[in-house]
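Asker: Pasting coords-v8.txt here (compact mmCIF, C-alpha atoms):
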```
# COMPACT_ATOMS: atom_id res chain seq x y z
CA MET A 24 0.00 0.00 0.00
CA VAL A 25 1.34 3.40 -0.98
CA THR A 26 1.20 6.12 1.68
CA PHE A 27 2.14 9.80 1.55
CA ARG A 28 4.02 12.02 3.97
CA ASN A 29 6.35 14.98 4.09
CA ALA A 30 10.02 14.14 3.84
CA ALA A 31 12.59 14.10 6.62
CA PRO A 32 16.25 15.20 6.35
CA GLN A 33 17.43 11.59 6.33
CA ASP A 34 15.36 10.91 3.18
CA TRP A 35 17.73 12.94 0.99
CA ALA A 36 19.77 10.01 -0.37
CA ALA A 37 16.71 7.91 -1.19
CA ILE A 38 14.94 10.85 -2.83
CA LEU A 39 18.02 11.66 -4.89
CA HIS A 40 18.25 8.03 -6.03
CA THR A 41 14.60 8.00 -7.14
CA VAL A 42 14.88 11.38 -8.88
CA ARG A 43 18.12 10.52 -10.71
CA ARG A 44 16.85 7.15 -11.88
CA THR A 45 13.58 8.60 -13.16
CA PHE A 46 15.41 11.40 -14.99
CA LEU A 47 17.86 8.83 -16.46
CA ASN A 48 20.83 10.34 -14.60
CA GLU A 49 21.86 7.51 -12.30
CA ASP A 50 25.56 8.39 -12.57
CA ASP A 51 24.88 11.80 -10.99
CA GLN A 52 25.33 11.39 -7.24
CA GLY A 53 24.40 14.94 -6.30
CA THR A 54 26.51 17.30 -4.23
CA PRO A 55 26.34 19.02 -0.82
CA VAL A 56 25.40 22.15 -2.74
CA ASP A 57 22.26 20.40 -4.00
CA GLU A 58 21.47 19.03 -0.56
CA ALA A 59 21.76 22.51 0.97
CA LEU A 60 18.72 23.56 -1.08
CA PHE A 61 16.61 20.58 0.06
CA GLU A 62 13.62 21.63 2.17
CA PRO A 63 12.36 18.31 3.61
CA ALA A 64 9.29 19.73 5.33
CA ARG A 65 8.16 21.06 1.93
CA ALA A 66 8.72 17.83 0.01
CA VAL A 67 5.94 15.27 -0.48
CA VAL A 68 7.02 11.64 -0.86
CA ALA A 69 5.13 8.44 -1.62
CA ILE A 70 6.20 5.36 0.33
CA ASP A 71 5.73 1.71 -0.63
CA GLY A 72 7.01 -0.50 2.15
CA ALA A 73 10.41 0.96 2.98
CA ASP A 74 10.95 2.56 -0.43
CA ILE A 75 10.41 6.14 -1.61
CA VAL A 76 8.71 5.68 -4.97
CA ALA A 77 7.66 9.25 -5.76
CA HIS A 78 8.63 12.80 -4.83
CA ALA A 79 7.52 16.40 -5.37
CA GLY A 80 9.73 19.06 -3.83
CA THR A 81 9.19 22.76 -3.18
CA TYR A 82 11.67 25.60 -2.68
CA THR A 83 10.87 28.80 -0.80
CA ARG A 84 11.63 31.84 -2.95
CA ASP A 85 10.08 35.08 -4.18
CA LEU A 86 9.19 35.65 -7.82
CA SER A 87 9.31 38.93 -9.73
CA VAL A 88 5.95 39.73 -11.33
CA PRO A 89 4.89 42.80 -13.33
CA GLY A 90 5.57 45.74 -11.04
CA GLY A 91 6.11 43.69 -7.89
CA THR A 92 7.32 40.59 -6.10
CA VAL A 93 5.27 37.71 -4.72
CA ALA A 94 6.04 34.71 -2.49
CA ALA A 95 5.80 31.49 -4.48
CA GLY A 96 6.35 27.79 -4.12
CA PHE A 97 9.04 26.71 -6.58
CA VAL A 98 8.12 23.15 -7.50
CA THR A 99 10.99 20.79 -8.34
CA ALA A 100 11.88 17.16 -9.03
CA VAL A 101 8.38 15.76 -9.53
CA VAL A 102 8.89 12.05 -10.19
CA VAL A 103 7.12 8.71 -9.90
CA ALA A 104 9.17 5.53 -10.18
CA GLY A 105 8.47 3.57 -13.36
CA THR A 106 7.28 0.62 -11.27
CA HIS A 107 4.49 2.73 -9.75
CA ARG A 108 3.07 4.74 -12.65
CA ARG A 109 -0.65 5.04 -13.47
CA ARG A 110 -1.83 4.46 -9.92
CA GLY A 111 -2.94 8.02 -9.20
CA ILE A 112 0.21 8.72 -7.18
CA ALA A 113 1.16 11.87 -9.10
CA SER A 114 -2.38 13.27 -8.80
CA THR A 115 -2.50 12.72 -5.05
CA MET A 116 0.99 14.09 -4.53
CA LEU A 117 0.62 17.18 -6.72
CA THR A 118 -2.76 18.10 -5.25
CA ARG A 119 -1.41 17.77 -1.72
CA GLN A 120 1.59 19.87 -2.68
CA LEU A 121 -0.63 22.66 -4.05
CA GLU A 122 -2.72 22.64 -0.87
CA GLU A 123 0.41 22.91 1.27
CA ILE A 124 1.80 25.81 -0.80
CA ARG A 125 -1.56 27.62 -0.55
CA ASP A 126 -1.81 26.98 3.20
CA ARG A 127 1.62 28.58 3.71
CA GLY A 128 0.21 31.81 2.31
CA GLU A 129 2.08 31.66 -1.01
CA ALA A 130 0.00 33.06 -3.84
CA LEU A 131 1.20 30.74 -6.59
CA ALA A 132 3.38 27.80 -7.58
CA VAL A 133 5.86 27.76 -10.48
CA LEU A 134 7.81 25.00 -12.18
CA TRP A 135 9.71 23.88 -15.27
CA ALA A 136 7.86 21.03 -16.97
CA SER A 137 9.87 18.05 -18.16
CA GLU A 138 6.62 16.58 -19.56
CA ALA A 139 4.51 19.52 -20.67
CA SER A 140 1.33 17.45 -21.11
CA ILE A 141 1.02 16.80 -17.35
CA TYR A 142 0.53 20.12 -15.67
CA ARG A 143 -2.39 21.94 -17.25
CA ARG A 144 -4.83 19.47 -15.67
CA PHE A 145 -3.54 20.60 -12.27
CA GLY A 146 -4.22 24.25 -13.09
CA TYR A 147 -0.77 25.27 -14.34
CA GLY A 148 -0.37 27.48 -17.40
CA GLN A 149 2.59 28.32 -19.65
CA ALA A 150 3.33 31.72 -18.14
CA SER A 151 6.60 32.41 -19.95
CA HIS A 152 8.42 31.31 -23.06
CA ARG A 153 12.01 31.28 -24.21
CA ILE A 154 14.16 31.31 -27.31
CA GLY A 155 17.10 28.97 -27.70
CA PHE A 156 19.83 30.48 -29.91
CA THR A 157 22.38 28.44 -31.84
CA ILE A 158 24.48 31.15 -33.50
CA ASP A 159 26.98 30.83 -36.32
CA ARG A 160 29.11 33.59 -34.88
CA ARG A 161 31.12 34.09 -38.08
CA GLU A 162 27.94 35.37 -39.76
CA VAL A 163 26.71 37.66 -36.96
CA ARG A 164 28.04 41.00 -35.76
CA VAL A 165 26.78 43.38 -33.11
CA VAL A 166 25.90 46.78 -34.53
CA GLY A 167 26.92 49.85 -32.55
CA ALA A 168 28.97 48.22 -29.80
CA ASP A 169 31.57 50.69 -28.47
CA LYS A 170 34.60 48.59 -27.58
CA HIS A 171 36.41 51.44 -25.89
CA ALA A 172 33.79 53.22 -23.78
CA LEU A 173 33.38 50.35 -21.29
CA SER A 174 35.77 47.85 -19.72
CA LEU A 175 35.34 44.08 -19.70
CA ARG A 176 36.88 41.53 -17.35
CA VAL A 177 36.71 37.72 -17.47
CA ASP A 178 37.41 35.74 -14.30
CA THR A 179 36.17 32.78 -12.30
CA PRO A 180 32.72 33.57 -10.86
CA GLY A 181 33.91 33.19 -7.29
CA GLN A 182 36.22 36.17 -7.74
CA LEU A 183 33.32 38.33 -8.95
CA ARG A 184 30.44 37.05 -6.82
CA ALA A 185 29.71 40.34 -5.08
CA GLU A 186 29.52 42.16 -8.40
CA LEU A 187 27.25 39.51 -9.90
CA GLY A 188 24.88 39.66 -6.96
CA ALA A 189 24.68 43.45 -7.03
CA VAL A 190 23.79 43.50 -10.75
CA TYR A 191 21.25 40.71 -10.39
CA GLU A 192 19.45 42.41 -7.51
CA ARG A 193 19.31 45.66 -9.44
CA VAL A 194 17.83 43.99 -12.52
CA ARG A 195 15.62 41.33 -10.90
CA PRO A 196 12.64 43.48 -9.77
CA ALA A 197 12.03 44.80 -13.28
CA ARG A 198 12.01 41.42 -15.05
CA PRO A 199 9.01 39.15 -14.41
CA GLY A 200 10.09 35.55 -13.97
CA TYR A 201 13.35 36.22 -12.13
CA ALA A 202 13.63 34.61 -8.69
CA THR A 203 15.34 35.81 -5.54
CA ARG A 204 18.78 34.34 -4.88
CA ASP A 205 20.07 34.10 -1.32
CA ASP A 206 23.55 32.85 -0.49
CA ARG A 207 22.56 29.18 -0.96
CA TRP A 208 21.17 29.87 -4.41
CA TRP A 209 24.22 31.84 -5.50
CA THR A 210 26.43 28.99 -4.29
CA TRP A 211 24.31 26.57 -6.33
CA ARG A 212 24.29 28.78 -9.42
CA LEU A 213 28.05 29.21 -9.44
CA HIS A 214 28.95 25.66 -8.39
CA ASP A 215 31.25 24.25 -11.04
CA ASP A 216 31.21 20.45 -10.77
CA PRO A 217 33.46 19.04 -13.54
CA GLY A 218 31.02 16.16 -13.91
CA HIS A 219 28.31 18.58 -15.06
CA ARG A 220 30.31 20.35 -17.76
CA ALA A 221 29.38 17.95 -20.59
CA GLY A 222 32.82 18.30 -22.15
CA ALA A 223 33.04 22.07 -21.75
CA GLY A 224 35.55 24.06 -19.73
CA PRO A 225 35.12 25.75 -16.35
CA LEU A 226 32.45 28.32 -15.67
CA LEU A 227 33.52 31.88 -16.49
CA ALA A 228 32.08 35.27 -15.56
CA LEU A 229 32.25 38.29 -17.84
CA VAL A 230 31.73 41.62 -16.07
CA CYS A 231 31.19 44.96 -17.79
CA ARG A 232 32.15 48.20 -16.01
CA ASP A 233 31.96 51.92 -16.60
CA GLY A 234 34.74 53.11 -14.34
CA ASP A 235 33.97 51.65 -10.93
CA ALA A 236 30.30 51.01 -11.71
CA VAL A 237 29.41 47.40 -12.60
CA LEU A 238 26.82 47.53 -15.37
CA GLY A 239 26.26 43.88 -16.21
CA TYR A 240 27.57 40.33 -16.32
CA ALA A 241 27.38 37.10 -18.28
CA LEU A 242 28.03 33.50 -17.19
CA TYR A 243 29.33 31.12 -19.83
CA ARG A 244 31.55 28.17 -20.69
CA THR A 245 33.70 27.41 -23.70
CA ARG A 246 34.21 24.04 -25.33
CA SER A 247 37.27 23.29 -27.42
CA GLU A 248 36.86 21.30 -30.60
CA TRP A 249 38.90 20.95 -33.78
CA GLU A 250 38.36 19.56 -37.23
CA ASN A 251 40.88 18.93 -39.99
CA VAL A 252 40.57 22.49 -41.31
CA GLY A 253 40.89 24.25 -37.95
CA PRO A 254 39.03 25.17 -34.76
CA LYS A 255 35.27 24.78 -34.25
CA GLY A 256 34.87 25.56 -30.55
CA GLU A 257 31.67 26.71 -28.86
CA VAL A 258 30.60 29.35 -26.34
CA ASN A 259 27.70 28.17 -24.17
CA ILE A 260 25.98 31.05 -22.37
CA LEU A 261 24.06 30.50 -19.14
CA GLU A 262 22.80 34.03 -18.51
CA VAL A 263 23.30 37.64 -19.55
CA VAL A 264 22.09 40.16 -16.95
CA THR A 265 22.15 43.95 -17.30
CA ASP A 266 19.87 46.96 -17.48
CA SER A 267 22.34 48.93 -19.61
CA PRO A 268 21.94 48.76 -23.42
CA ALA A 269 25.60 49.74 -23.87
CA ALA A 270 26.81 46.99 -21.54
CA TYR A 271 24.51 44.46 -23.21
CA ALA A 272 25.96 45.25 -26.64
CA ALA A 273 29.55 45.22 -25.35
CA MET A 274 29.16 41.84 -23.65
CA TRP A 275 27.51 40.24 -26.66
CA ASP A 276 30.22 41.66 -28.91
CA HIS A 277 32.77 39.87 -26.72
CA LEU A 278 30.82 36.59 -26.57
CA LEU A 279 30.46 36.51 -30.35
CA ASN A 280 34.18 37.00 -30.87
CA VAL A 281 35.88 34.45 -28.61
CA ASP A 282 38.95 33.11 -30.37
CA LEU A 283 38.90 29.54 -31.73
CA THR A 284 35.09 29.30 -31.56
CA ARG A 285 32.56 29.03 -34.35
CA GLN A 286 29.26 28.64 -32.50
CA VAL A 287 27.53 30.46 -29.64
CA SER A 288 24.56 28.87 -27.87
CA TYR A 289 22.14 30.41 -25.40
CA TRP A 290 19.26 28.13 -24.41
CA LEU A 291 17.32 30.39 -22.01
CA ALA A 292 17.04 33.68 -23.90
CA ALA A 293 13.95 35.85 -23.42
CA VAL A 294 11.43 36.13 -26.24
CA ASP A 295 12.08 39.89 -26.27
CA GLU A 296 15.85 39.46 -26.12
CA PRO A 297 17.50 42.74 -27.28
CA LEU A 298 20.01 40.66 -29.25
CA LEU A 299 17.30 40.32 -31.90
CA HIS A 300 17.61 44.06 -32.59
CA ILE A 301 21.36 44.68 -32.47
CA VAL A 302 22.85 42.10 -34.84
CA THR A 303 23.49 42.22 -38.55
CA ASP A 304 21.52 39.07 -39.42
CA THR A 305 18.83 37.68 -37.11
CA ARG A 306 18.40 34.60 -39.29
CA ARG A 307 21.89 33.46 -38.28
CA LEU A 308 20.87 33.47 -34.60
CA GLY A 309 19.19 30.11 -35.21
CA GLY A 310 16.33 30.86 -32.80
CA ARG A 311 14.03 28.10 -31.56
CA TYR A 312 10.90 28.84 -29.53
CA GLY A 313 10.04 26.88 -26.36
CA ASP A 314 8.13 27.01 -23.10
CA GLY A 315 9.61 28.47 -19.92
CA LEU A 316 8.02 28.83 -16.50
CA TRP A 317 4.66 27.28 -15.77
CA ALA A 318 2.62 29.08 -13.10
CA ARG A 319 -0.38 28.08 -10.98
CA LEU A 320 -2.37 30.67 -9.00
CA LEU A 321 -3.42 29.49 -5.53
CA ASP A 322 -4.65 32.72 -3.94
CA ILE A 323 -6.22 34.74 -6.73
CA PRO A 324 -6.87 37.96 -4.78
CA ALA A 325 -3.33 38.01 -3.37
CA ALA A 326 -1.72 37.18 -6.72
CA LEU A 327 -3.67 39.70 -8.80
CA SER A 328 -3.28 42.51 -6.27
CA SER A 329 0.49 41.88 -5.99
CA ARG A 330 1.21 42.82 -9.61
CA ARG A 331 0.67 46.05 -11.54
CA TYR A 332 -1.21 46.58 -14.80
CA ALA A 333 -0.03 48.27 -17.97
CA ALA A 334 -3.39 49.98 -18.50
CA PRO A 335 -6.28 50.79 -16.16
CA VAL A 336 -8.58 47.82 -15.65
CA ASP A 337 -11.82 47.20 -13.77
CA VAL A 338 -13.20 43.77 -14.54
CA VAL A 339 -15.07 40.92 -12.87
CA LEU A 340 -13.48 37.53 -13.55
CA GLU A 341 -15.26 34.22 -13.11
CA VAL A 342 -12.51 31.66 -12.53
CA GLU A 343 -13.11 27.92 -12.59
CA ASP A 344 -10.78 25.67 -10.58
CA PRO A 345 -11.80 21.99 -10.70
CA VAL A 346 -8.70 20.84 -8.78
CA LEU A 347 -9.02 23.23 -5.81
CA PRO A 348 -12.64 24.46 -6.00
CA GLY A 349 -12.19 26.85 -3.08
CA THR A 350 -9.61 28.80 -5.09
CA GLY A 351 -12.01 29.73 -7.87
CA GLY A 352 -15.01 32.03 -7.86
CA ARG A 353 -15.82 35.57 -8.94
CA PHE A 354 -13.33 38.36 -8.39
CA ARG A 355 -13.40 42.09 -9.07
CA LEU A 356 -9.99 43.29 -10.20
CA ALA A 357 -9.27 47.02 -10.28
CA GLY A 358 -5.73 47.98 -11.16
CA SER A 359 -3.28 50.26 -12.94
CA LEU A 360 0.41 51.13 -12.89
CA ASP A 361 -0.09 52.62 -9.42
CA GLY A 362 -1.56 49.59 -7.65
CA ALA A 363 -4.31 47.00 -7.65
CA THR A 364 -7.06 45.46 -5.57
CA CYS A 365 -8.76 42.13 -6.08
CA VAL A 366 -11.66 40.90 -3.95
CA ARG A 367 -14.34 38.27 -4.15
CA THR A 368 -17.66 39.56 -5.43
CA ASP A 369 -21.20 38.52 -6.30
CA ASP A 370 -21.30 40.95 -9.24
CA ALA A 371 -22.05 39.62 -12.71
CA PRO A 372 -18.87 38.43 -14.45
CA ASP A 373 -17.35 40.15 -17.47
CA LEU A 374 -14.95 37.34 -18.45
CA ARG A 375 -15.00 33.60 -17.73
CA LEU A 376 -11.83 31.49 -17.75
CA ASP A 377 -10.24 28.65 -15.83
CA VAL A 378 -7.36 28.99 -13.39
CA ALA A 379 -4.84 27.57 -15.86
CA THR A 380 -5.71 30.32 -18.35
CA LEU A 381 -5.50 33.05 -15.71
CA SER A 382 -2.14 31.62 -14.64
CA THR A 383 -1.00 31.71 -18.28
CA VAL A 384 -1.51 35.49 -18.51
CA TYR A 385 -0.37 36.31 -14.97
CA LEU A 386 3.26 37.20 -15.73
CA GLY A 387 2.37 39.37 -18.71
CA GLY A 388 3.78 37.12 -21.40
CA ASN A 389 0.56 35.97 -23.05
CA SER A 390 -2.46 37.76 -24.47
CA LEU A 391 -6.02 37.35 -23.18
CA GLY A 392 -7.09 38.02 -26.76
CA SER A 393 -5.08 35.14 -28.17
CA LEU A 394 -6.40 32.81 -25.46
CA ALA A 395 -9.94 33.94 -26.24
CA ALA A 396 -9.29 33.09 -29.89
CA ALA A 397 -8.26 29.62 -28.68
CA GLY A 398 -11.56 29.25 -26.85
CA ARG A 399 -10.04 29.58 -23.39
CA VAL A 400 -11.62 32.95 -22.42
CA THR A 401 -15.33 33.73 -22.77
CA GLU A 402 -16.39 37.36 -23.00
CA LEU A 403 -19.67 37.88 -21.13
CA THR A 404 -19.75 41.70 -21.26
CA SER A 405 -19.16 43.36 -24.62
CA GLY A 406 -15.86 45.23 -24.71
CA ALA A 407 -14.48 43.62 -21.54
CA LEU A 408 -11.87 41.59 -23.42
CA ALA A 409 -10.51 44.58 -25.37
CA ALA A 410 -10.24 46.57 -22.13
CA ALA A 411 -8.60 43.84 -20.06
CA ASP A 412 -6.15 42.49 -22.64
CA PRO A 413 -3.66 45.42 -22.66
CA ALA A 414 -3.82 45.69 -18.87
CA PHE A 415 -2.38 42.20 -18.38
CA GLY A 416 0.61 42.89 -20.67
CA TRP A 417 3.89 44.37 -19.49
CA LEU A 418 6.91 46.38 -20.65
CA ARG A 419 9.21 43.34 -20.64
CA ALA A 420 8.30 39.75 -21.36
CA PRO A 421 8.70 37.32 -18.48
CA ALA A 422 11.97 35.42 -18.55
CA ALA A 423 13.39 32.62 -16.42
CA ILE A 424 17.16 32.17 -16.60
CA GLU A 425 17.66 29.18 -14.31
CA ILE A 426 16.12 25.73 -14.15
CA PHE A 427 15.57 24.77 -10.53
```
Do you think you could lay out the structure here as structure tokens?
Answerer:
Amino acid sequence: MVTFRNAAPQDWAAILHTVRRTFLNEDDQGTPVDEALFEPARAVVAIDGADIVAHAGTYTRDLSVPGGTVAAGFVTAVVVAGTHRRRGIASTMLTRQLEEIRDRGEALAVLWASEASIYRRFGYGQASHRIGFTIDRREVRVVGADKHALSLRVDTPGQLRAELGAVYERVRPARPGYATRDDRWWTWRLHDDPGHRAGAGPLLALVCRDGDAVLGYALYRTRSEWENVGPKGEVNILEVVTDSPAAYAAMWDHLLNVDLTRQVSYWLAAVDEPLLHIVTDTRRLGGRYGDGLWARLLDIPAALSSRRYAAPVDVVLEVEDPVLPGTGGRFRLAGSLDGATCVRTDDAPDLRLDVATLSTVYLGGNSLGSLAAAGRVTELTSGALAAADPAFGWLRAPAAIEIF
């Protein structure tokens, strides 16, 4: 008989074994850096006899949303052992996890989906998207980069950690989808296990300065490769973080001109990445579109009042939530760039949608109009959709630059 409980600290090794086997990474033994992030009281495990056969973990972090920050449950490592699939274990575990996140007072849950077909039935929506670039760097040049106005330095990330953290904290509040990083998360982000390099070299940090002011940074690796006619190395970029257009151009100019390389890859670029507008040939960026963060609202009034709105909005939403019926209902949202309120109401609804659809538009990366065209939003009051659609957008698209 399978039973469920929250994990204990001593479960770490068994959980890691189950997670690695399910994700086909049995050779990866984990590290103390990974274990330091483990929050046992927030992990749900399924037990069969003495064995842990399923797991759904949660991290405690804050998420940047349009115009604000909100506490969220960061869902991770959701697995069910192959021997125990199709028994309802995932449904029981994921529903319990959502209830626990809600009961902690966190307004939403977010995750990266390894199997995208799973999560919409639990109320999650694709709240952000990404572009993966595979760039033939010999065919692409940055236009307008001033190589002399700013200074660049490349070093090991540990030597530049304070600078990286300062830039990230300056940029994070303005970019929906970014997550807070305390000391544990910075240690994890910069941990450089040789076994995780996949044939590439050590992690490097590129920092851009204007005098003493640090304007931006990039994290990347290089991989050496040769063919009979010469070098064909690669630059693999993990993240590029700055709020300075000049620094952004200068760093990309450097990354596209690393000696002995022919290709530059960047898997987690934003869909509104400025790179698309500063290079000589966007076709040579080799962009490929994909999903990013999935979000799931758990406290609709708290979530909607925590963000800001690009245009004034006053609308009554009827939200259906078949998984957690107490979460749904009717809500009057009134908001603008200056603030927002959201309360339950008995007023007649203007728009009807389910919680997965509302979660899809929450970070500002998707259009209510496009979801209505897909049959996922019903307009009940004429003109309500045209008024609400621009309000839910935002200046910058949501972007998530780490997979947790």
Asker: Within 7 Å of segment 325-328 of chain A, counting only C-alpha atoms, which residues qualify if same-chain residues fewer than 6 places away don't, as a PyMOL selection string?
Answerer: chain A and resi 130+363-365
Asker: One number please: atom CA of Ala168 of chain A to atom CA of Arg307 of chain A, in Å, one decimal.
Answerer: 18.4 Å
Asker: Restricting the calculation to all atoms listed in the file: of A:Ala221, A:Pro421, A:Asp215, A:Arg176, which residue gets closest to Leu238 of chain A?
Answerer: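 Selected residue with least distance to Leu238 of chain A: A:Arg176.
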Asker: For a quick check of understanding, using all atoms listed in the file, which of A:Asn259, A:Ser151, A:Ser393, A:Thr203 has the smallest distance to Gly224 of chain A?
Answerer: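 The shortest atom-to-atom distance to Gly224 of chain A comes from A:Asn259.
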Asker: Quick one: distance from atom CA of Leu386 of chain A to atom CA of His214 of chain A in Å, one decimal?
Answerer: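 So the two atoms, atom CA of Leu386 of chain A and atom CA of His214 of chain A, lie 29.1 Å apart.
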Asker: Once N, CA and C atoms are restored for segment 265-280 of chain A, what would the output be as a compact mmCIF listing (two decimals), in the coordinates of the input?
Answerer:
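Result file result.txt:
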```txt
# COMPACT_ATOMS: atom_id res chain seq x y z
N THR A 265 21.80 42.53 -17.34
CA THR A 265 22.15 43.95 -17.30
C THR A 265 20.90 44.78 -17.57
N ASP A 266 20.91 46.02 -17.10
CA ASP A 266 19.87 46.96 -17.48
C ASP A 266 20.45 48.11 -18.30
N SER A 267 21.66 47.91 -18.81
CA SER A 267 22.34 48.93 -19.61
C SER A 267 22.43 48.46 -21.06
N PRO A 268 21.81 49.15 -22.01
CA PRO A 268 21.94 48.76 -23.42
C PRO A 268 23.39 48.74 -23.90
N ALA A 269 24.21 49.70 -23.43
CA ALA A 269 25.60 49.74 -23.87
C ALA A 269 26.36 48.52 -23.36
N ALA A 270 26.14 48.16 -22.10
CA ALA A 270 26.81 46.99 -21.54
C ALA A 270 26.34 45.72 -22.23
N TYR A 271 25.05 45.63 -22.52
CA TYR A 271 24.51 44.46 -23.21
C TYR A 271 25.20 44.28 -24.56
N ALA A 272 25.32 45.35 -25.33
CA ALA A 272 25.96 45.25 -26.64
C ALA A 272 27.44 44.90 -26.51
N ALA A 273 28.12 45.49 -25.53
CA ALA A 273 29.55 45.22 -25.35
C ALA A 273 29.79 43.78 -24.96
N MET A 274 28.97 43.23 -24.08
CA MET A 274 29.16 41.84 -23.65
C MET A 274 28.86 40.87 -24.79
N TRP A 275 27.80 41.13 -25.54
CA TRP A 275 27.51 40.24 -26.66
C TRP A 275 28.58 40.34 -27.75
N ASP A 276 29.13 41.52 -27.95
CA ASP A 276 30.22 41.66 -28.91
C ASP A 276 31.40 40.78 -28.51
N HIS A 277 31.69 40.73 -27.21
CA HIS A 277 32.77 39.87 -26.72
C HIS A 277 32.41 38.40 -26.90
N LEU A 278 31.21 38.00 -26.52
CA LEU A 278 30.82 36.59 -26.57
C LEU A 278 30.77 36.05 -27.99
N LEU A 279 30.50 36.93 -28.95
CA LEU A 279 30.46 36.51 -30.35
C LEU A 279 31.83 36.56 -31.03
N ASN A 280 32.85 36.89 -30.27
CA ASN A 280 34.18 37.00 -30.87
C ASN A 280 35.26 36.30 -30.04
```
